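Visitor: Below is work17.cif; it holds mmCIF, C-alpha atoms.
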```
data_protein
#
loop_
_atom_site.group_PDB
_atom_site.id
_atom_site.type_symbol
_atom_site.label_atom_id
_atom_site.label_comp_id
_atom_site.auth_asym_id
_atom_site.auth_seq_id
_atom_site.Cartn_x
_atom_site.Cartn_y
_atom_site.Cartn_z
ATOM 1 C CA MET A 857 -41.580 -4.251 15.746
ATOM 2 C CA GLY A 858 -41.848 -4.074 11.969
ATOM 3 C CA LYS A 859 -42.577 -0.327 11.960
ATOM 4 C CA LEU A 860 -39.793 0.301 14.487
ATOM 5 C CA PHE A 861 -37.385 -1.646 12.283
ATOM 6 C CA ALA A 862 -38.458 0.435 9.262
ATOM 7 C CA VAL A 863 -37.807 3.668 11.162
ATOM 8 C CA VAL A 864 -34.375 2.513 12.351
ATOM 9 C CA VAL A 865 -33.337 1.416 8.837
ATOM 10 C CA THR A 866 -34.474 4.739 7.376
ATOM 11 C CA ILE A 867 -32.559 6.730 9.991
ATOM 12 C CA ILE A 868 -29.374 4.709 9.391
ATOM 13 C CA ALA A 869 -29.645 5.225 5.622
ATOM 14 C CA LEU A 870 -30.265 8.972 5.906
ATOM 15 C CA VAL A 871 -27.546 9.578 8.518
ATOM 16 C CA SER A 872 -25.023 7.565 6.467
ATOM 17 C CA THR A 873 -25.898 9.614 3.389
ATOM 18 C CA ALA A 874 -25.548 12.885 5.317
ATOM 19 C CA ILE A 875 -22.118 11.866 6.650
ATOM 20 C CA PHE A 876 -20.955 11.040 3.132
ATOM 21 C CA ALA A 877 -22.416 14.189 1.557
ATOM 22 C CA SER A 878 -20.793 16.431 4.201
ATOM 23 C CA HIS A 879 -17.402 14.692 3.766
ATOM 24 C CA VAL A 880 -17.018 13.796 7.427
ATOM 25 C CA TRP A 881 -13.875 11.630 7.925
ATOM 26 C CA TRP A 882 -12.869 12.423 4.346
ATOM 27 C CA LEU A 883 -9.439 12.208 2.772
ATOM 28 C CA PRO A 884 -6.951 15.026 3.438
ATOM 29 C CA VAL A 885 -5.947 17.513 0.768
ATOM 30 C CA ASP A 886 -4.357 15.958 -2.329
ATOM 31 C CA VAL A 887 -0.747 16.946 -3.077
ATOM 32 C CA SER A 888 0.068 14.577 -5.957
ATOM 33 C CA ALA A 889 -0.137 14.802 -9.729
ATOM 34 C CA HIS A 890 -2.144 11.572 -9.978
ATOM 35 C CA GLY A 891 -4.426 12.384 -7.015
ATOM 36 C CA PRO A 892 -7.290 14.048 -8.936
ATOM 37 C CA ALA A 893 -7.884 10.893 -10.991
ATOM 38 C CA ILE A 894 -7.963 8.761 -7.841
ATOM 39 C CA ASP A 895 -10.315 11.168 -6.058
ATOM 40 C CA ARG A 896 -12.620 11.259 -9.070
ATOM 41 C CA GLN A 897 -12.718 7.463 -9.233
ATOM 42 C CA LEU A 898 -13.347 7.245 -5.490
ATOM 43 C CA MET A 899 -16.247 9.698 -5.757
ATOM 44 C CA GLU A 900 -17.781 7.777 -8.654
ATOM 45 C CA THR A 901 -17.521 4.546 -6.671
ATOM 46 C CA MET A 902 -19.027 6.072 -3.536
ATOM 47 C CA VAL A 903 -21.892 7.727 -5.394
ATOM 48 C CA THR A 904 -22.766 4.645 -7.451
ATOM 49 C CA SER A 905 -22.662 2.229 -4.538
ATOM 50 C CA GLY A 906 -24.261 4.827 -2.263
ATOM 51 C CA VAL A 907 -27.312 5.218 -4.518
ATOM 52 C CA LEU A 908 -27.856 1.463 -4.549
ATOM 53 C CA PHE A 909 -27.415 1.349 -0.776
ATOM 54 C CA VAL A 910 -29.974 4.091 -0.112
ATOM 55 C CA VAL A 911 -32.532 2.704 -2.574
ATOM 56 C CA SER A 912 -32.257 -0.817 -1.191
ATOM 57 C CA GLN A 913 -32.489 0.340 2.443
ATOM 58 C CA LEU A 914 -35.492 2.553 1.796
ATOM 59 C CA ALA A 915 -37.190 -0.245 -0.125
ATOM 60 C CA LEU A 916 -36.561 -2.555 2.838
ATOM 61 C CA ALA A 917 -38.050 0.069 5.166
ATOM 62 C CA VAL A 918 -41.165 0.447 2.999
ATOM 63 C CA PHE A 919 -41.805 -3.295 2.914
ATOM 64 C CA ALA A 920 -41.203 -3.608 6.646
ATOM 65 C CA TRP A 921 -43.566 -0.707 7.381
ATOM 66 C CA ARG A 922 -46.369 -1.953 5.137
ATOM 67 C CA TYR A 923 -46.269 -5.674 5.598
ATOM 68 C CA ALA A 924 -44.683 -6.474 8.976
ATOM 69 C CA ASP A 925 -46.827 -7.261 12.033
ATOM 70 C CA ARG A 926 -49.950 -7.825 9.943
ATOM 71 C CA LYS A 927 -52.312 -10.215 11.658
ATOM 72 C CA ASP A 928 -55.306 -10.131 9.299
ATOM 73 C CA GLY A 929 -55.101 -13.836 8.548
ATOM 74 C CA ARG A 930 -54.304 -13.429 4.830
ATOM 75 C CA ARG A 931 -51.958 -15.939 3.238
ATOM 76 C CA VAL A 932 -48.446 -14.860 2.445
ATOM 77 C CA LYS A 933 -48.038 -14.240 -1.280
ATOM 78 C CA ILE A 934 -45.093 -15.867 -3.005
ATOM 79 C CA PHE A 935 -43.183 -13.932 -5.638
ATOM 80 C CA PRO A 936 -43.557 -15.666 -9.040
ATOM 81 C CA GLY A 937 -40.774 -18.186 -9.340
ATOM 82 C CA GLY A 938 -39.859 -17.831 -5.686
ATOM 83 C CA ALA A 939 -36.821 -15.960 -4.470
ATOM 84 C CA VAL A 940 -34.509 -17.163 -7.252
ATOM 85 C CA PRO A 941 -35.384 -14.478 -9.869
ATOM 86 C CA MET A 942 -34.881 -11.684 -7.330
ATOM 87 C CA VAL A 943 -31.562 -13.096 -6.183
ATOM 88 C CA VAL A 944 -30.402 -13.473 -9.793
ATOM 89 C CA PHE A 945 -31.494 -9.914 -10.600
ATOM 90 C CA ALA A 946 -29.652 -8.517 -7.569
ATOM 91 C CA THR A 947 -26.538 -10.520 -8.411
ATOM 92 C CA VAL A 948 -26.514 -9.315 -12.028
ATOM 93 C CA LEU A 949 -27.117 -5.697 -10.985
ATOM 94 C CA VAL A 950 -24.344 -5.649 -8.377
ATOM 95 C CA GLY A 951 -22.026 -7.651 -10.616
ATOM 96 C CA ALA A 952 -22.503 -5.205 -13.488
ATOM 97 C CA GLU A 953 -21.739 -2.302 -11.150
ATOM 98 C CA VAL A 954 -18.585 -3.959 -9.821
ATOM 99 C CA LEU A 955 -17.349 -4.814 -13.335
ATOM 100 C CA ALA A 956 -18.004 -1.282 -14.599
ATOM 101 C CA LEU A 957 -16.191 0.307 -11.665
ATOM 102 C CA THR A 958 -13.334 -2.183 -12.032
ATOM 103 C CA PHE A 959 -12.947 -1.396 -15.722
ATOM 104 C CA VAL A 960 -12.876 2.355 -15.141
ATOM 105 C CA GLY A 961 -10.709 2.086 -12.041
ATOM 106 C CA SER A 962 -8.182 -0.167 -13.739
ATOM 107 C CA LYS A 963 -7.262 2.683 -16.073
ATOM 108 C CA VAL A 964 -6.473 4.926 -13.117
ATOM 109 C CA TRP A 965 -4.520 2.144 -11.416
ATOM 110 C CA ALA A 966 -2.554 1.348 -14.569
ATOM 111 C CA GLY A 967 -1.745 5.020 -15.043
ATOM 112 C CA ILE A 968 0.077 4.930 -11.713
ATOM 113 C CA TYR A 969 1.516 1.437 -11.376
ATOM 114 C CA GLN A 970 2.032 0.306 -14.974
ATOM 115 C CA THR A 971 3.509 3.413 -16.512
ATOM 116 C CA PRO A 972 7.296 3.833 -16.366
ATOM 117 C CA PRO A 973 8.710 6.659 -14.230
ATOM 118 C CA ASP A 974 10.079 9.802 -15.804
ATOM 119 C CA PRO A 975 13.714 9.139 -16.827
ATOM 120 C CA ASN A 976 14.708 12.348 -15.029
ATOM 121 C CA SER A 977 13.092 11.271 -11.748
ATOM 122 C CA LEU A 978 14.841 11.729 -8.442
ATOM 123 C CA GLN A 979 15.981 8.252 -7.396
ATOM 124 C CA VAL A 980 15.491 7.273 -3.745
ATOM 125 C CA ASP A 981 16.066 3.864 -2.159
ATOM 126 C CA VAL A 982 13.747 3.032 0.752
ATOM 127 C CA GLN A 983 14.444 0.442 3.436
ATOM 128 C CA SER A 984 11.733 -0.686 5.869
ATOM 129 C CA GLU A 985 12.325 -2.695 9.007
ATOM 130 C CA GLN A 986 10.782 -3.207 12.402
ATOM 131 C CA PHE A 987 9.900 -0.414 13.112
ATOM 132 C CA ALA A 988 11.398 2.353 10.985
ATOM 133 C CA PHE A 989 11.932 3.681 7.467
ATOM 134 C CA TYR A 990 15.275 4.777 6.022
ATOM 135 C CA PHE A 991 15.880 6.653 2.773
ATOM 136 C CA ARG A 992 19.003 6.605 0.608
ATOM 137 C CA TYR A 993 20.035 9.160 -2.020
ATOM 138 C CA PRO A 994 22.891 8.743 -4.501
ATOM 139 C CA GLY A 995 25.825 11.065 -3.884
ATOM 140 C CA ALA A 996 27.800 13.202 -6.275
ATOM 141 C CA ASP A 997 28.457 10.218 -8.563
ATOM 142 C CA ARG A 998 24.659 9.826 -9.034
ATOM 143 C CA THR A 999 25.034 6.081 -8.487
ATOM 144 C CA PHE A 1000 23.826 3.897 -5.646
ATOM 145 C CA GLY A 1001 26.319 1.576 -4.045
ATOM 146 C CA PRO A 1002 25.288 -2.116 -4.103
ATOM 147 C CA VAL A 1003 23.532 -3.472 -1.025
ATOM 148 C CA HIS A 1004 24.754 -6.460 0.970
ATOM 149 C CA PRO A 1005 21.980 -7.753 3.275
ATOM 150 C CA GLU A 1006 24.456 -9.663 5.387
ATOM 151 C CA ARG A 1007 26.211 -6.379 6.229
ATOM 152 C CA ILE A 1008 23.117 -4.651 7.618
ATOM 153 C CA ASP A 1009 23.953 -3.447 11.119
ATOM 154 C CA GLU A 1010 21.621 -1.032 12.895
ATOM 155 C CA GLY A 1011 24.148 -0.517 15.682
ATOM 156 C CA SER A 1012 26.624 1.102 13.309
ATOM 157 C CA GLY A 1013 23.956 2.846 11.222
ATOM 158 C CA ASN A 1014 24.472 0.615 8.183
ATOM 159 C CA PHE A 1015 20.764 0.207 7.447
ATOM 160 C CA PHE A 1016 21.218 -0.755 3.787
ATOM 161 C CA GLY A 1017 24.184 -3.102 4.150
ATOM 162 C CA LEU A 1018 26.659 -0.915 2.261
ATOM 163 C CA ASP A 1019 30.365 -1.728 1.924
ATOM 164 C CA PRO A 1020 32.092 1.617 1.330
ATOM 165 C CA ALA A 1021 35.502 0.110 2.029
ATOM 166 C CA ASN A 1022 35.265 -1.970 -1.152
ATOM 167 C CA ASP A 1023 32.451 -0.318 -3.145
ATOM 168 C CA THR A 1024 33.516 3.167 -4.184
ATOM 169 C CA THR A 1025 29.990 4.062 -5.377
ATOM 170 C CA ALA A 1026 28.655 3.529 -1.838
ATOM 171 C CA ARG A 1027 30.994 6.023 -0.190
ATOM 172 C CA ASP A 1028 28.951 9.107 -0.998
ATOM 173 C CA ASP A 1029 25.462 7.603 -0.579
ATOM 174 C CA ILE A 1030 23.281 9.695 1.734
ATOM 175 C CA VAL A 1031 21.108 7.824 4.270
ATOM 176 C CA VAL A 1032 18.496 9.738 6.288
ATOM 177 C CA PRO A 1033 15.351 8.923 8.343
ATOM 178 C CA SER A 1034 13.036 11.280 6.399
ATOM 179 C CA LEU A 1035 12.040 11.393 2.757
ATOM 180 C CA VAL A 1036 12.862 14.877 1.421
ATOM 181 C CA ILE A 1037 11.953 15.745 -2.170
ATOM 182 C CA PRO A 1038 11.567 18.833 -4.366
ATOM 183 C CA VAL A 1039 8.089 19.968 -5.375
ATOM 184 C CA ASN A 1040 6.848 19.295 -8.925
ATOM 185 C CA ARG A 1041 9.688 16.900 -9.683
ATOM 186 C CA PRO A 1042 9.023 13.217 -10.464
ATOM 187 C CA VAL A 1043 10.296 10.883 -7.755
ATOM 188 C CA SER A 1044 11.084 7.200 -8.241
ATOM 189 C CA LEU A 1045 11.314 5.013 -5.141
ATOM 190 C CA THR A 1046 12.696 1.510 -4.759
ATOM 191 C CA LEU A 1047 11.063 -0.193 -1.785
ATOM 192 C CA ARG A 1048 12.907 -2.884 0.194
ATOM 193 C CA ALA A 1049 11.899 -4.811 3.332
ATOM 194 C CA LYS A 1050 14.528 -6.142 5.701
ATOM 195 C CA ASP A 1051 12.349 -8.484 7.752
ATOM 196 C CA VAL A 1052 8.552 -8.709 7.348
ATOM 197 C CA GLY A 1053 5.904 -7.044 5.216
ATOM 198 C CA HIS A 1054 5.484 -3.290 5.692
ATOM 199 C CA ALA A 1055 3.704 -0.537 3.763
ATOM 200 C CA PHE A 1056 4.408 2.955 2.469
ATOM 201 C CA TYR A 1057 1.273 5.053 2.976
ATOM 202 C CA VAL A 1058 0.927 8.802 2.524
ATOM 203 C CA PRO A 1059 -2.763 9.803 2.387
ATOM 204 C CA GLU A 1060 -1.972 13.194 0.856
ATOM 205 C CA LEU A 1061 -0.176 11.467 -2.045
ATOM 206 C CA ARG A 1062 -3.026 8.965 -2.497
ATOM 207 C CA ILE A 1063 -0.397 6.209 -2.360
ATOM 208 C CA GLN A 1064 -0.319 2.976 -0.416
ATOM 209 C CA GLN A 1065 2.221 0.368 -1.494
ATOM 210 C CA ASP A 1066 3.377 -2.773 0.305
ATOM 211 C CA PHE A 1067 6.995 -3.706 0.913
ATOM 212 C CA VAL A 1068 7.558 -7.402 0.197
ATOM 213 C CA PRO A 1069 10.588 -9.142 1.759
ATOM 214 C CA GLY A 1070 12.922 -10.432 -0.959
ATOM 215 C CA LEU A 1071 11.552 -8.091 -3.646
ATOM 216 C CA THR A 1072 12.417 -4.579 -4.779
ATOM 217 C CA VAL A 1073 9.134 -2.796 -5.449
ATOM 218 C CA PRO A 1074 9.135 0.307 -7.682
ATOM 219 C CA LEU A 1075 6.909 3.299 -6.958
ATOM 220 C CA HIS A 1076 6.823 6.725 -8.539
ATOM 221 C CA PHE A 1077 4.881 9.960 -8.001
ATOM 222 C CA THR A 1078 5.113 13.733 -8.225
ATOM 223 C CA ALA A 1079 4.268 15.981 -5.272
ATOM 224 C CA THR A 1080 2.565 19.232 -6.256
ATOM 225 C CA GLN A 1081 2.584 21.140 -2.957
ATOM 226 C CA THR A 1082 5.222 21.890 -0.358
ATOM 227 C CA GLY A 1083 4.718 20.759 3.219
ATOM 228 C CA LYS A 1084 5.424 18.014 5.731
ATOM 229 C CA PHE A 1085 3.354 14.836 5.639
ATOM 230 C CA GLU A 1086 3.355 11.629 7.651
ATOM 231 C CA ILE A 1087 4.454 8.283 6.189
ATOM 232 C CA VAL A 1088 2.902 5.355 8.044
ATOM 233 C CA CYS A 1089 3.036 1.578 7.842
ATOM 234 C CA THR A 1090 -0.385 -0.001 7.307
ATOM 235 C CA GLN A 1091 0.716 -3.628 7.575
ATOM 236 C CA LEU A 1092 0.589 -5.220 11.026
ATOM 237 C CA CYS A 1093 4.326 -5.859 11.336
ATOM 238 C CA GLY A 1094 4.835 -6.538 15.037
ATOM 239 C CA LEU A 1095 4.389 -5.055 18.493
ATOM 240 C CA GLY A 1096 5.893 -1.707 17.488
ATOM 241 C CA HIS A 1097 3.746 -1.343 14.365
ATOM 242 C CA TYR A 1098 1.690 1.477 15.919
ATOM 243 C CA ASN A 1099 4.799 3.635 16.139
ATOM 244 C CA MET A 1100 6.293 2.919 12.709
ATOM 245 C CA ARG A 1101 6.274 6.227 10.889
ATOM 246 C CA ALA A 1102 8.482 8.716 9.102
ATOM 247 C CA TYR A 1103 7.929 12.047 7.361
ATOM 248 C CA LEU A 1104 7.791 13.254 3.796
ATOM 249 C CA GLU A 1105 9.072 16.803 3.402
ATOM 250 C CA VAL A 1106 8.307 18.534 0.114
ATOM 251 C CA MET A 1107 10.282 21.727 -0.488
ATOM 252 C CA SER A 1108 11.361 23.974 -3.316
ATOM 253 C CA GLN A 1109 14.137 22.816 -5.630
ATOM 254 C CA GLU A 1110 16.525 25.394 -4.168
ATOM 255 C CA GLN A 1111 15.805 24.297 -0.601
ATOM 256 C CA PHE A 1112 16.183 20.657 -1.586
ATOM 257 C CA ASP A 1113 19.556 21.283 -3.256
ATOM 258 C CA GLN A 1114 20.771 23.050 -0.118
ATOM 259 C CA TRP A 1115 19.458 20.239 2.095
ATOM 260 C CA LEU A 1116 21.212 17.641 -0.065
ATOM 261 C CA ARG A 1117 24.523 19.510 0.118
ATOM 262 C CA GLU A 1118 24.250 19.710 3.899
ATOM 263 C CA ARG A 1119 23.493 15.997 4.243
ATOM 264 C CA ALA A 1120 26.377 15.121 1.906
ATOM 265 C CA ALA A 1121 28.755 17.144 4.071
ATOM 266 C CA GLU A 1122 27.632 15.158 7.137
ATOM 267 C CA GLN A 1123 28.361 11.739 5.639
#
```
Starting from the file, give its structure as structure tokens.

Guide:
Amino acid sequence: MGKLFAVVVTIIALVSTAIFASHVWWLPVDVSAHGPAIDRQLMETMVTSGVLFVVSQLALAVFAWRYADRKDGRRVKIFPGGAVPMVVFATVLVGAEVLALTFVGSKVWAGIYQTPPDPNSLQVDVQSEQFAFYFRYPGADRTFGPVHPERIDEGSGNFFGLDPANDTTARDDIVVPSLVIPVNRPVSLTLRAKDVGHAFYVPELRIQQDFVPGLTVPLHFTATQTGKFEIVCTQLCGLGHYNMRAYLEVMSQEQFDQWLRERAAEQ
């Protein structure tokens, strides 16, 4: 059984390494300005932890192959000091790896979440609810109307709780079910949750950010390629969670300006 176990462990380690090296089930193409830094950090993490994984599994296989199922009557040798030194060594080694990766990764994280958005960013307000996303753009006055949660009414299409009868800045706000942005222009989102926790996840943007009820969560990015990409919720938010999605459409500045004019005319 010991030799069989060694063979199985070796096969698992080698197959896992092959799957990683061939990028099976890998991330989709990156279309964001900050994506290369995230991909680089992810690769460093996978390689570092992967090397330790392969070495430890092969070492386990070697010991199992050489010393399992031996029935020669020899006494089992005890490692000097018992198992404690080995456990301490393993803990220090893994801990040092985790701390190093955390230190390097924190710079990438801070570059995305702790840097202020470009002052010329396109401002978009995002509302999440069971089980849909809605996106609001300021109109010709370039100002969002204030939201009134008590006025939210899905039946009348008032997803943000606007009061255009009394708030003049809300009268030209544009509300749509898809996030449409121009390519290579910074975008600043304000995330709101109407009911429970949701998430804004676009794999191609390398972004996943939670909506928190009662909070307005800022998020900013720049898309570098045109195309249509899926926005999904990754927080289990109810029975309809599986179907909670919207789309991000990245287009040229000219196409975006035309799209915005058309949506404004429909309001």

Visitor: Enumerate, in order of chain and increasing residue number, the residues of segment 873-972 of chain A with an atom no farther than 7 Å from segment 857-869 of chain A, each with its shortest atom pair and distance in Å to one decimal, counting only C-alpha atoms, as a tab-separated table.

Guide:
```
residue	atom	partner	partner_atom	distance
A:Thr873	CA	A:Ala869	CA	6.2
A:Val910	CA	A:Ala869	CA	5.9
A:Gln913	CA	A:Ala869	CA	6.5
A:Leu914	CA	A:Thr866	CA	6.1
A:Ala917	CA	A:Ala862	CA	4.1
A:Val918	CA	A:Ala862	CA	6.8
A:Ala920	CA	A:Gly858	CA	5.4
A:Trp921	CA	A:Lys859	CA	4.7
A:Ala924	CA	A:Gly858	CA	4.8
A:Asp925	CA	A:Gly858	CA	5.9
```

Visitor: Can you pull out the residues contacting Arg1027 of chain A? Cut-off 12 Å, using only C-alpha atoms, and skip same-chain residues under 2 positions away; I want them as a PyMOL selection string.

Guide: chain A and resi 993-1002+1014+1018-1025+1029-1031+1120+1123

Visitor: Go ahead and write the selection's residues with C-alpha atoms as a tab-separated table (two decimals), in the coordinates of the input.

Guide:
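To be explicit, this is the file written out as out.tsv:
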```tsv
chain	number	residue	atom	x	y	z
A	993	TYR	CA	20.04	9.16	-2.02
A	994	PRO	CA	22.89	8.74	-4.50
A	995	GLY	CA	25.82	11.06	-3.88
A	996	ALA	CA	27.80	13.20	-6.28
A	997	ASP	CA	28.46	10.22	-8.56
A	998	ARG	CA	24.66	9.83	-9.03
A	999	THR	CA	25.03	6.08	-8.49
A	1000	PHE	CA	23.83	3.90	-5.65
A	1001	GLY	CA	26.32	1.58	-4.04
A	1002	PRO	CA	25.29	-2.12	-4.10
A	1014	ASN	CA	24.47	0.62	8.18
A	1018	LEU	CA	26.66	-0.92	2.26
A	1019	ASP	CA	30.36	-1.73	1.92
A	1020	PRO	CA	32.09	1.62	1.33
A	1021	ALA	CA	35.50	0.11	2.03
A	1022	ASN	CA	35.26	-1.97	-1.15
A	1023	ASP	CA	32.45	-0.32	-3.14
A	1024	THR	CA	33.52	3.17	-4.18
A	1025	THR	CA	29.99	4.06	-5.38
A	1029	ASP	CA	25.46	7.60	-0.58
A	1030	ILE	CA	23.28	9.70	1.73
A	1031	VAL	CA	21.11	7.82	4.27
A	1120	ALA	CA	26.38	15.12	1.91
A	1123	GLN	CA	28.36	11.74	5.64
```

Visitor: Rounded to one decimal place, report the atom CA of Pro1074 of chain A-atom CA of Val960 of chain A distance in Å.

Guide: 23.3 Å

Visitor: My list of candidates is A:Ala939, A:Ala1102, A:Ala952, A:Val1052. Which is closest to Gln986 of chain A when distances are computed with all atoms listed in the file?

Guide: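 Among A:Ala939, A:Ala1102, A:Ala952, A:Val1052, it is A:Val1052 that comes nearest to Gln986 of chain A.
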
Visitor: Just the number, please: distance in Å from atom CA of Glu900 of chain A to atom CA of Thr1090 of chain A, one decimal.

Guide: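 Computed distance, atom CA of Glu900 of chain A to atom CA of Thr1090 of chain A, equals 24.9 Å.
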
Visitor: Please, what distance in Å, to one decimal, runs between atom CA of Met1100 of chain A and atom CA of Ile968 of chain A?

Guide: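 Result for atom CA of Met1100 of chain A versus atom CA of Ile968 of chain A: 25.3 Å, one decimal.
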
Visitor: Do you know which residues the PyMOL selection byres ((chain A and resi 1035) around 12) returns on this file, as a ChimeraX atom specification?

Guide: /A:978-983,989-993,1030-1034,1036-1038,1043-1045,1056,1058,1083-1087,1101-1107,1112,1115-1116

Visitor: Using the chain letters and residue numbers of this document, give as a ChimeraX atom specification the residues selected by the PyMOL selection byres ((chain A and resi 902) around 12).

Guide: /A:872-873,876-877,879,882,895-901,903-910,953-954,957

Visitor: Between A:Gly891, A:Pro973, A:Pro1005, A:Pro884, which is the closest to Arg1062 of chain A once you count all atoms listed in the file?

Guide: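 Counting all atoms listed in the file, the residue closest to Arg1062 of chain A is A:Gly891.
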
Visitor: I'd like the neighbourhood of His1054 of chain A as a ChimeraX atom specification, where a residue qualifies if any of its atoms comes within 10 Å (using all atoms listed in the file), though same-chain residues fewer than 6 positions away should be ignored.

Guide: /A:983-989,1047-1048,1065-1069,1088-1094,1097,1100

Visitor: Put those residues in a file: C-alpha atoms, as a short mmCIF file (atom, residue, chain, number, x, y, z; two decimals), in the coordinates of the input.

Guide:
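Written output follows (result-v2.cif):
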```cif
data_model
loop_
_atom_site.label_atom_id
_atom_site.label_comp_id
_atom_site.auth_asym_id
_atom_site.auth_seq_id
_atom_site.Cartn_x
_atom_site.Cartn_y
_atom_site.Cartn_z
CA GLN A 983 14.44 0.44 3.44
CA SER A 984 11.73 -0.69 5.87
CA GLU A 985 12.32 -2.70 9.01
CA GLN A 986 10.78 -3.21 12.40
CA PHE A 987 9.90 -0.41 13.11
CA ALA A 988 11.40 2.35 10.98
CA PHE A 989 11.93 3.68 7.47
CA LEU A 1047 11.06 -0.19 -1.78
CA ARG A 1048 12.91 -2.88 0.19
CA GLN A 1065 2.22 0.37 -1.49
CA ASP A 1066 3.38 -2.77 0.30
CA PHE A 1067 7.00 -3.71 0.91
CA VAL A 1068 7.56 -7.40 0.20
CA PRO A 1069 10.59 -9.14 1.76
CA VAL A 1088 2.90 5.36 8.04
CA CYS A 1089 3.04 1.58 7.84
CA THR A 1090 -0.38 0.00 7.31
CA GLN A 1091 0.72 -3.63 7.58
CA LEU A 1092 0.59 -5.22 11.03
CA CYS A 1093 4.33 -5.86 11.34
CA GLY A 1094 4.84 -6.54 15.04
CA HIS A 1097 3.75 -1.34 14.36
CA MET A 1100 6.29 2.92 12.71
#
```

Visitor: Name every residue that the PyMOL selection byres ((chain A and resi 971) around 12) selects in this structure, writing the answer as a PyMOL selection string with chains first and numbers rising.

Guide: chain A and resi 890+963-970+972-975+1044+1074-1077
